[in-house]
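Peer 1: Attaching a single structure in structure tokens format; questions to follow.
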Amino acid sequence: MEISKNIFFEKNILNQEDKNIHSKQIEITSLNLDDFNARLNSNIVLVYNSDYRGFFLNSEDERYGRLFTRHIAHLLTYYNHRETWNETSFISYDLNLIKYDFEDLYLSIKNLNQNYTHNLELVRRLNLFKNRWNNYYPLGILSKEGEQQYKNELQKMVDKLNKLIDSLNI
């Protein structure tokens with residue numbers, strides 16, 4: 001298991017009885033954190049709390065930190081309940097959450113038409129969405145088929161945004 005340099009935890013938890021749960025959570029988070037930091041040019045640092053089996057920001061003011069910690073908590077909830085929640089349900093649920101942001105962003109840009117570029121917050125949200133979700137799937141929790149399905153469905157949203165931007169001839 002390769003652990004992100006941006007995750008800190010007490011090394012002795014890997015010797016405890018429930019070490020498999022801790023190591024898998026750290027592994028999943030490491031994969032996704034390194035990917036997220038690379039996509040968004042951020043430097044989020046997390047601390048793992050074994051009592052809560054959760055990750056906390058090392059610095060509250062880290063750009064996109066809360067965004068990442070909310071999503072990784074969701075992914076880890078899926079991992080921790082693998083026996084009762086299947087992959088298809090997770091993919092559908094997670095993509096529906098992302099779709100709400102997509103639809104709001106898409107309609108906002110469409111309604112403002114070419115003037116959307118004057119709305120700096122909207123442009124920031126657009127860039128965040130595209131950088132975060134382009135060719136993305138959650139790492140370490142899905143089958144190869146699930147990864148491809150997730151990535152394909154999410155890419156449709158990113159491509160639709162790109163097509164709208166292209167159609168505005170900006």
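Ordering of the structure tokens sets the chain letters (A, B, ...); residue numbers start at 1 within each chain; ligands are numbered from 1 in the order shown.
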Need to verify the contact set: Phe36 in chain A, 12 Å, only C-alpha atoms, exclusion of same-chain residues closer than 4 positions in sequence. Can you return it as a PyMOL selection string?
Peer 2: chain A and resi 4+6+29-32+40-45+63-65+67-69+71-72+128-129+131-134+136-139
Peer 1: Determine which residues of chain A receive a DSSP assignment of helix (DSSP H, G or I), computed from the backbone, and state them as an MDAnalysis selection string.
Peer 2: chainID A and resid 11:15 19:40 65:80 87:118 120:133 144:167
Peer 1: How many Å lie between CA of Leu75 in chain A and CA of Ile28 in chain A, rounded to one decimal?
Peer 2: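 Interatomic distance here is 8.6 Å.
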Peer 1: Nearest to Glu153 in chain A: which of A:Lys130, A:Ile91, A:Thr117, A:Asp104 is it, counting only C-alpha atoms?
Peer 2: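 For Glu153 in chain A, the nearest of the given residues is A:Ile91.
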Peer 1: Could you jot down the CA of Glu87 in chain A to CA of Asp51 in chain A separation for me, Å, one decimal place?
Peer 2: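 Taking CA of Glu87 in chain A and CA of Asp51 in chain A, their separation equals 26.7 Å.
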Peer 1: Among chain A, which residues carry a DSSP assignment of strand (DSSP E), reported as a list in words?
Peer 2: Ile7, Phe8, Leu46, Val47, Tyr48, Asn49, Gly54, Phe55, Phe56 and Leu57 of chain A
Peer 1: Between CA of Glu2 in chain A and CA of Phe55 in chain A, what is the distance, to one decimal in Å?
Peer 2: 17.1 Å
Peer 1: Can you list, as an mmCIF file with all heavy atoms, in the first residue's frame, every protein, DNA or RNA residue that comes within 10 Å of range 156-165 of chain A when you count only C-alpha atoms, leaving out same-chain residues fewer than 3 positions away?
Peer 2:
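Once written, around.cif looks like this:
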```
data_model
loop_
_atom_site.group_PDB
_atom_site.id
_atom_site.type_symbol
_atom_site.label_atom_id
_atom_site.label_comp_id
_atom_site.auth_asym_id
_atom_site.auth_seq_id
_atom_site.Cartn_x
_atom_site.Cartn_y
_atom_site.Cartn_z
ATOM 1 N N LEU A 95 -23.448 9.881 -8.848
ATOM 2 C CA LEU A 95 -23.592 10.685 -10.065
ATOM 3 C C LEU A 95 -24.789 11.625 -9.982
ATOM 4 O O LEU A 95 -24.740 12.731 -10.526
ATOM 5 C CB LEU A 95 -23.684 9.785 -11.300
ATOM 6 C CG LEU A 95 -22.387 9.079 -11.677
ATOM 7 C CD1 LEU A 95 -22.631 8.111 -12.827
ATOM 8 C CD2 LEU A 95 -21.285 10.063 -12.026
ATOM 9 N N ILE A 98 -23.661 14.713 -8.164
ATOM 10 C CA ILE A 98 -22.845 15.562 -9.045
ATOM 11 C C ILE A 98 -23.738 16.229 -10.090
ATOM 12 O O ILE A 98 -23.521 17.386 -10.460
ATOM 13 C CB ILE A 98 -21.730 14.730 -9.712
ATOM 14 C CG1 ILE A 98 -20.766 14.209 -8.645
ATOM 15 C CG2 ILE A 98 -20.982 15.546 -10.755
ATOM 16 C CD1 ILE A 98 -19.822 13.133 -9.129
ATOM 17 N N LYS A 99 -24.767 15.523 -10.527
ATOM 18 C CA LYS A 99 -25.662 16.046 -11.564
ATOM 19 C C LYS A 99 -26.383 17.319 -11.103
ATOM 20 O O LYS A 99 -26.632 18.209 -11.900
ATOM 21 C CB LYS A 99 -26.673 14.983 -11.969
ATOM 22 C CG LYS A 99 -27.479 15.345 -13.180
ATOM 23 C CD LYS A 99 -28.366 14.196 -13.615
ATOM 24 C CE LYS A 99 -29.108 14.579 -14.869
ATOM 25 N NZ LYS A 99 -29.954 13.475 -15.335
ATOM 26 N N PHE A 102 -24.007 20.014 -11.762
ATOM 27 C CA PHE A 102 -23.899 20.160 -13.209
ATOM 28 C C PHE A 102 -25.090 20.942 -13.765
ATOM 29 O O PHE A 102 -24.915 21.892 -14.534
ATOM 30 C CB PHE A 102 -23.819 18.785 -13.889
ATOM 31 C CG PHE A 102 -24.155 18.834 -15.343
ATOM 32 C CD1 PHE A 102 -23.248 19.334 -16.265
ATOM 33 C CD2 PHE A 102 -25.403 18.425 -15.796
ATOM 34 C CE1 PHE A 102 -23.570 19.404 -17.620
ATOM 35 C CE2 PHE A 102 -25.734 18.495 -17.133
ATOM 36 C CZ PHE A 102 -24.815 18.987 -18.053
ATOM 37 N N GLU A 103 -26.305 20.536 -13.405
ATOM 38 C CA GLU A 103 -27.501 21.195 -13.945
ATOM 39 C C GLU A 103 -27.570 22.662 -13.554
ATOM 40 O O GLU A 103 -27.924 23.514 -14.375
ATOM 41 C CB GLU A 103 -28.755 20.444 -13.498
ATOM 42 C CG GLU A 103 -28.900 19.112 -14.199
ATOM 43 C CD GLU A 103 -30.049 18.273 -13.692
ATOM 44 O OE1 GLU A 103 -30.639 18.598 -12.624
ATOM 45 O OE2 GLU A 103 -30.369 17.274 -14.363
ATOM 46 N N LEU A 105 -25.020 24.617 -12.835
ATOM 47 C CA LEU A 105 -23.962 25.279 -13.588
ATOM 48 C C LEU A 105 -24.349 25.434 -15.055
ATOM 49 O O LEU A 105 -24.220 26.520 -15.635
ATOM 50 C CB LEU A 105 -22.677 24.468 -13.458
ATOM 51 C CG LEU A 105 -21.395 25.029 -14.026
ATOM 52 C CD1 LEU A 105 -21.086 26.390 -13.434
ATOM 53 C CD2 LEU A 105 -20.256 24.057 -13.742
ATOM 54 N N TYR A 106 -24.854 24.389 -15.654
ATOM 55 C CA TYR A 106 -25.235 24.404 -17.060
ATOM 56 C C TYR A 106 -26.317 25.454 -17.329
ATOM 57 O O TYR A 106 -26.194 26.267 -18.250
ATOM 58 C CB TYR A 106 -25.730 23.019 -17.486
ATOM 59 C CG TYR A 106 -26.039 22.904 -18.950
ATOM 60 C CD1 TYR A 106 -25.029 22.594 -19.863
ATOM 61 C CD2 TYR A 106 -27.323 23.104 -19.435
ATOM 62 C CE1 TYR A 106 -25.297 22.503 -21.218
ATOM 63 C CE2 TYR A 106 -27.606 23.006 -20.781
ATOM 64 C CZ TYR A 106 -26.587 22.702 -21.674
ATOM 65 O OH TYR A 106 -26.857 22.604 -23.015
ATOM 66 N N LEU A 107 -27.351 25.449 -16.507
ATOM 67 C CA LEU A 107 -28.442 26.410 -16.701
ATOM 68 C C LEU A 107 -27.988 27.841 -16.433
ATOM 69 O O LEU A 107 -28.424 28.766 -17.122
ATOM 70 C CB LEU A 107 -29.633 26.046 -15.821
ATOM 71 C CG LEU A 107 -30.359 24.762 -16.221
ATOM 72 C CD1 LEU A 107 -31.431 24.407 -15.201
ATOM 73 C CD2 LEU A 107 -30.949 24.876 -17.624
ATOM 74 N N ILE A 109 -24.982 29.104 -16.948
ATOM 75 C CA ILE A 109 -24.205 29.537 -18.111
ATOM 76 C C ILE A 109 -25.117 29.773 -19.303
ATOM 77 O O ILE A 109 -25.001 30.782 -19.996
ATOM 78 C CB ILE A 109 -23.113 28.497 -18.456
ATOM 79 C CG1 ILE A 109 -22.060 28.481 -17.351
ATOM 80 C CG2 ILE A 109 -22.468 28.791 -19.808
ATOM 81 C CD1 ILE A 109 -21.090 27.326 -17.441
ATOM 82 N N LYS A 110 -26.036 28.854 -19.520
ATOM 83 C CA LYS A 110 -26.945 28.968 -20.660
ATOM 84 C C LYS A 110 -27.811 30.231 -20.554
ATOM 85 O O LYS A 110 -28.013 30.940 -21.536
ATOM 86 C CB LYS A 110 -27.826 27.729 -20.744
ATOM 87 C CG LYS A 110 -28.613 27.630 -22.014
ATOM 88 C CD LYS A 110 -29.297 26.299 -22.127
ATOM 89 C CE LYS A 110 -30.001 26.236 -23.463
ATOM 90 N NZ LYS A 110 -30.599 24.932 -23.684
ATOM 91 N N ASN A 113 -25.744 33.236 -21.164
ATOM 92 C CA ASN A 113 -25.201 33.182 -22.519
ATOM 93 C C ASN A 113 -23.760 33.679 -22.497
ATOM 94 O O ASN A 113 -22.994 33.288 -21.641
ATOM 95 C CB ASN A 113 -26.088 33.972 -23.475
ATOM 96 C CG ASN A 113 -25.962 33.503 -24.902
ATOM 97 O OD1 ASN A 113 -24.929 33.008 -25.308
ATOM 98 N ND2 ASN A 113 -27.040 33.659 -25.645
ATOM 99 N N GLN A 114 -23.380 34.514 -23.415
ATOM 100 C CA GLN A 114 -21.981 34.944 -23.508
ATOM 101 C C GLN A 114 -21.556 35.816 -22.330
ATOM 102 O O GLN A 114 -20.368 35.963 -22.075
ATOM 103 C CB GLN A 114 -21.748 35.663 -24.829
ATOM 104 C CG GLN A 114 -21.874 34.717 -25.998
ATOM 105 C CD GLN A 114 -21.679 35.404 -27.330
ATOM 106 O OE1 GLN A 114 -21.738 36.621 -27.411
ATOM 107 N NE2 GLN A 114 -21.458 34.614 -28.363
ATOM 108 N N TYR A 116 -21.732 35.101 -19.343
ATOM 109 C CA TYR A 116 -21.302 34.320 -18.175
ATOM 110 C C TYR A 116 -19.833 34.597 -17.834
ATOM 111 O O TYR A 116 -19.426 34.469 -16.687
ATOM 112 C CB TYR A 116 -21.549 32.821 -18.391
ATOM 113 C CG TYR A 116 -20.386 32.085 -19.019
ATOM 114 C CD1 TYR A 116 -19.409 31.492 -18.228
ATOM 115 C CD2 TYR A 116 -20.256 32.000 -20.403
ATOM 116 C CE1 TYR A 116 -18.339 30.835 -18.796
ATOM 117 C CE2 TYR A 116 -19.190 31.338 -20.971
ATOM 118 C CZ TYR A 116 -18.235 30.759 -20.169
ATOM 119 O OH TYR A 116 -17.178 30.109 -20.732
ATOM 120 N N LEU A 126 -17.240 26.743 -13.008
ATOM 121 C CA LEU A 126 -17.093 25.982 -14.254
ATOM 122 C C LEU A 126 -15.720 25.318 -14.312
ATOM 123 O O LEU A 126 -15.610 24.127 -14.592
ATOM 124 C CB LEU A 126 -17.288 26.898 -15.466
ATOM 125 C CG LEU A 126 -16.926 26.301 -16.823
ATOM 126 C CD1 LEU A 126 -17.857 25.153 -17.164
ATOM 127 C CD2 LEU A 126 -16.961 27.371 -17.904
ATOM 128 N N PHE A 129 -15.503 22.475 -11.801
ATOM 129 C CA PHE A 129 -16.246 21.302 -12.253
ATOM 130 C C PHE A 129 -15.468 20.544 -13.321
ATOM 131 O O PHE A 129 -15.293 19.329 -13.234
ATOM 132 C CB PHE A 129 -17.627 21.717 -12.794
ATOM 133 C CG PHE A 129 -18.536 20.553 -13.040
ATOM 134 C CD1 PHE A 129 -19.421 20.130 -12.062
ATOM 135 C CD2 PHE A 129 -18.518 19.872 -14.250
ATOM 136 C CE1 PHE A 129 -20.258 19.047 -12.281
ATOM 137 C CE2 PHE A 129 -19.356 18.791 -14.486
ATOM 138 C CZ PHE A 129 -20.224 18.373 -13.492
ATOM 139 N N LYS A 130 -14.996 21.265 -14.318
ATOM 140 C CA LYS A 130 -14.275 20.610 -15.412
ATOM 141 C C LYS A 130 -12.978 19.967 -14.931
ATOM 142 O O LYS A 130 -12.680 18.826 -15.299
ATOM 143 C CB LYS A 130 -14.010 21.605 -16.534
ATOM 144 C CG LYS A 130 -15.285 21.973 -17.296
ATOM 145 C CD LYS A 130 -15.156 23.108 -18.273
ATOM 146 C CE LYS A 130 -13.918 23.191 -19.066
ATOM 147 N NZ LYS A 130 -13.905 24.263 -20.058
ATOM 148 N N ASN A 131 -12.214 20.649 -14.123
ATOM 149 C CA ASN A 131 -10.949 20.087 -13.640
ATOM 150 C C ASN A 131 -11.171 18.899 -12.707
ATOM 151 O O ASN A 131 -10.422 17.922 -12.739
ATOM 152 C CB ASN A 131 -10.114 21.147 -12.923
ATOM 153 C CG ASN A 131 -9.591 22.198 -13.865
ATOM 154 O OD1 ASN A 131 -9.447 21.971 -15.056
ATOM 155 N ND2 ASN A 131 -9.318 23.370 -13.333
ATOM 156 N N ARG A 132 -12.188 19.001 -11.900
ATOM 157 C CA ARG A 132 -12.444 17.949 -10.921
ATOM 158 C C ARG A 132 -12.995 16.676 -11.553
ATOM 159 O O ARG A 132 -12.634 15.569 -11.160
ATOM 160 C CB ARG A 132 -13.430 18.474 -9.875
ATOM 161 C CG ARG A 132 -13.676 17.506 -8.751
ATOM 162 C CD ARG A 132 -14.549 18.111 -7.696
ATOM 163 N NE ARG A 132 -14.741 17.177 -6.604
ATOM 164 C CZ ARG A 132 -15.736 17.263 -5.747
ATOM 165 N NH1 ARG A 132 -16.607 18.236 -5.833
ATOM 166 N NH2 ARG A 132 -15.841 16.373 -4.787
ATOM 167 N N TRP A 133 -13.888 16.828 -12.526
ATOM 168 C CA TRP A 133 -14.618 15.662 -13.005
ATOM 169 C C TRP A 133 -14.201 15.149 -14.383
ATOM 170 O O TRP A 133 -14.683 14.111 -14.811
ATOM 171 C CB TRP A 133 -16.112 15.955 -13.009
ATOM 172 C CG TRP A 133 -16.661 16.352 -11.670
ATOM 173 C CD1 TRP A 133 -17.351 17.489 -11.381
ATOM 174 C CD2 TRP A 133 -16.612 15.611 -10.439
ATOM 175 N NE1 TRP A 133 -17.719 17.512 -10.054
ATOM 176 C CE2 TRP A 133 -17.276 16.363 -9.463
ATOM 177 C CE3 TRP A 133 -16.061 14.386 -10.079
ATOM 178 C CZ2 TRP A 133 -17.405 15.929 -8.144
ATOM 179 C CZ3 TRP A 133 -16.193 13.959 -8.769
ATOM 180 C CH2 TRP A 133 -16.857 14.724 -7.825
ATOM 181 N N ASN A 134 -13.336 15.827 -15.089
ATOM 182 C CA ASN A 134 -12.928 15.368 -16.419
ATOM 183 C C ASN A 134 -12.178 14.041 -16.316
ATOM 184 O O ASN A 134 -11.177 13.943 -15.611
ATOM 185 C CB ASN A 134 -12.045 16.418 -17.098
ATOM 186 C CG ASN A 134 -11.790 16.097 -18.545
ATOM 187 O OD1 ASN A 134 -12.705 15.743 -19.286
ATOM 188 N ND2 ASN A 134 -10.541 16.197 -18.958
ATOM 189 N N ASN A 135 -12.677 13.021 -17.001
ATOM 190 C CA ASN A 135 -12.078 11.673 -16.988
ATOM 191 C C ASN A 135 -11.889 11.130 -15.568
ATOM 192 O O ASN A 135 -10.881 10.506 -15.260
ATOM 193 C CB ASN A 135 -10.739 11.661 -17.728
ATOM 194 C CG ASN A 135 -10.930 11.867 -19.204
ATOM 195 O OD1 ASN A 135 -11.755 11.200 -19.828
ATOM 196 N ND2 ASN A 135 -10.187 12.794 -19.772
ATOM 197 N N LYS A 151 -17.083 6.769 -15.073
ATOM 198 C CA LYS A 151 -16.316 7.726 -15.871
ATOM 199 C C LYS A 151 -17.088 8.155 -17.118
ATOM 200 O O LYS A 151 -17.158 9.346 -17.432
ATOM 201 C CB LYS A 151 -14.982 7.096 -16.262
ATOM 202 C CG LYS A 151 -14.075 7.986 -17.076
ATOM 203 C CD LYS A 151 -12.787 7.226 -17.349
ATOM 204 C CE LYS A 151 -11.953 7.904 -18.396
ATOM 205 N NZ LYS A 151 -10.719 7.146 -18.673
ATOM 206 N N ASN A 152 -17.698 7.206 -17.805
ATOM 207 C CA ASN A 152 -18.444 7.525 -19.029
ATOM 208 C C ASN A 152 -19.637 8.430 -18.748
ATOM 209 O O ASN A 152 -19.886 9.396 -19.482
ATOM 210 C CB ASN A 152 -18.909 6.251 -19.726
ATOM 211 C CG ASN A 152 -17.773 5.476 -20.353
ATOM 212 O OD1 ASN A 152 -16.677 5.994 -20.554
ATOM 213 N ND2 ASN A 152 -18.023 4.205 -20.639
ATOM 214 N N GLU A 153 -20.389 8.117 -17.712
ATOM 215 C CA GLU A 153 -21.567 8.922 -17.380
ATOM 216 C C GLU A 153 -21.174 10.324 -16.944
ATOM 217 O O GLU A 153 -21.803 11.313 -17.318
ATOM 218 C CB GLU A 153 -22.404 8.232 -16.296
ATOM 219 C CG GLU A 153 -23.087 6.976 -16.761
ATOM 220 C CD GLU A 153 -24.009 7.199 -17.951
ATOM 221 O OE1 GLU A 153 -24.822 8.149 -17.917
ATOM 222 O OE2 GLU A 153 -23.913 6.425 -18.925
ATOM 223 N N LEU A 168 -21.071 29.012 -27.569
ATOM 224 C CA LEU A 168 -21.163 30.442 -27.276
ATOM 225 C C LEU A 168 -20.085 31.236 -28.007
ATOM 226 O O LEU A 168 -20.073 32.468 -27.961
ATOM 227 C CB LEU A 168 -21.067 30.687 -25.760
ATOM 228 C CG LEU A 168 -22.185 30.074 -24.927
ATOM 229 C CD1 LEU A 168 -21.929 30.286 -23.448
ATOM 230 C CD2 LEU A 168 -23.537 30.644 -25.316
ATOM 231 N N ASN A 169 -19.179 30.547 -28.671
ATOM 232 C CA ASN A 169 -18.122 31.178 -29.466
ATOM 233 C C ASN A 169 -17.323 32.201 -28.675
ATOM 234 O O ASN A 169 -17.142 33.340 -29.105
ATOM 235 C CB ASN A 169 -18.695 31.821 -30.736
ATOM 236 C CG ASN A 169 -19.270 30.808 -31.665
ATOM 237 O OD1 ASN A 169 -18.719 29.709 -31.830
ATOM 238 N ND2 ASN A 169 -20.390 31.136 -32.284
ATOM 239 N N ILE A 170 -16.859 31.803 -27.543
ATOM 240 C CA ILE A 170 -16.085 32.722 -26.697
ATOM 241 C C ILE A 170 -14.629 32.364 -26.781
ATOM 242 O O ILE A 170 -14.215 31.273 -26.753
ATOM 243 C CB ILE A 170 -16.572 32.670 -25.245
ATOM 244 C CG1 ILE A 170 -18.026 33.133 -25.220
ATOM 245 C CG2 ILE A 170 -15.711 33.520 -24.354
ATOM 246 C CD1 ILE A 170 -18.676 33.043 -23.877
#
```
Peer 1: Counting only C-alpha atoms, which of A:Leu112, A:Ile3, A:Leu46, A:Ala38 gets nearest to Glu60 in chain A?
Peer 2: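 The shortest atom-to-atom distance to Glu60 in chain A comes from A:Leu46.
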Peer 1: Give me the residues near Lys11 in chain A as a list of chain:residue names, where near means some atom within 12 Å (using only C-alpha atoms) and where sequence neighbours in that chain fewer than 5 positions away do not count.
Peer 2: A:Ile3, A:Gln16, A:Lys19, A:His22, A:Ser23, A:Ile26, A:Val47, A:Tyr48, A:Asn49, A:Ser50
Peer 1: Can you pull out the residues contacting Ile21 in chain A? Cut-off 12 Å, using only C-alpha atoms, and skip same-chain residues under 4 positions away; I want them as a ChimeraX atom specification.
Peer 2: /A:13-17,25-28,50-54,76-77,79-81
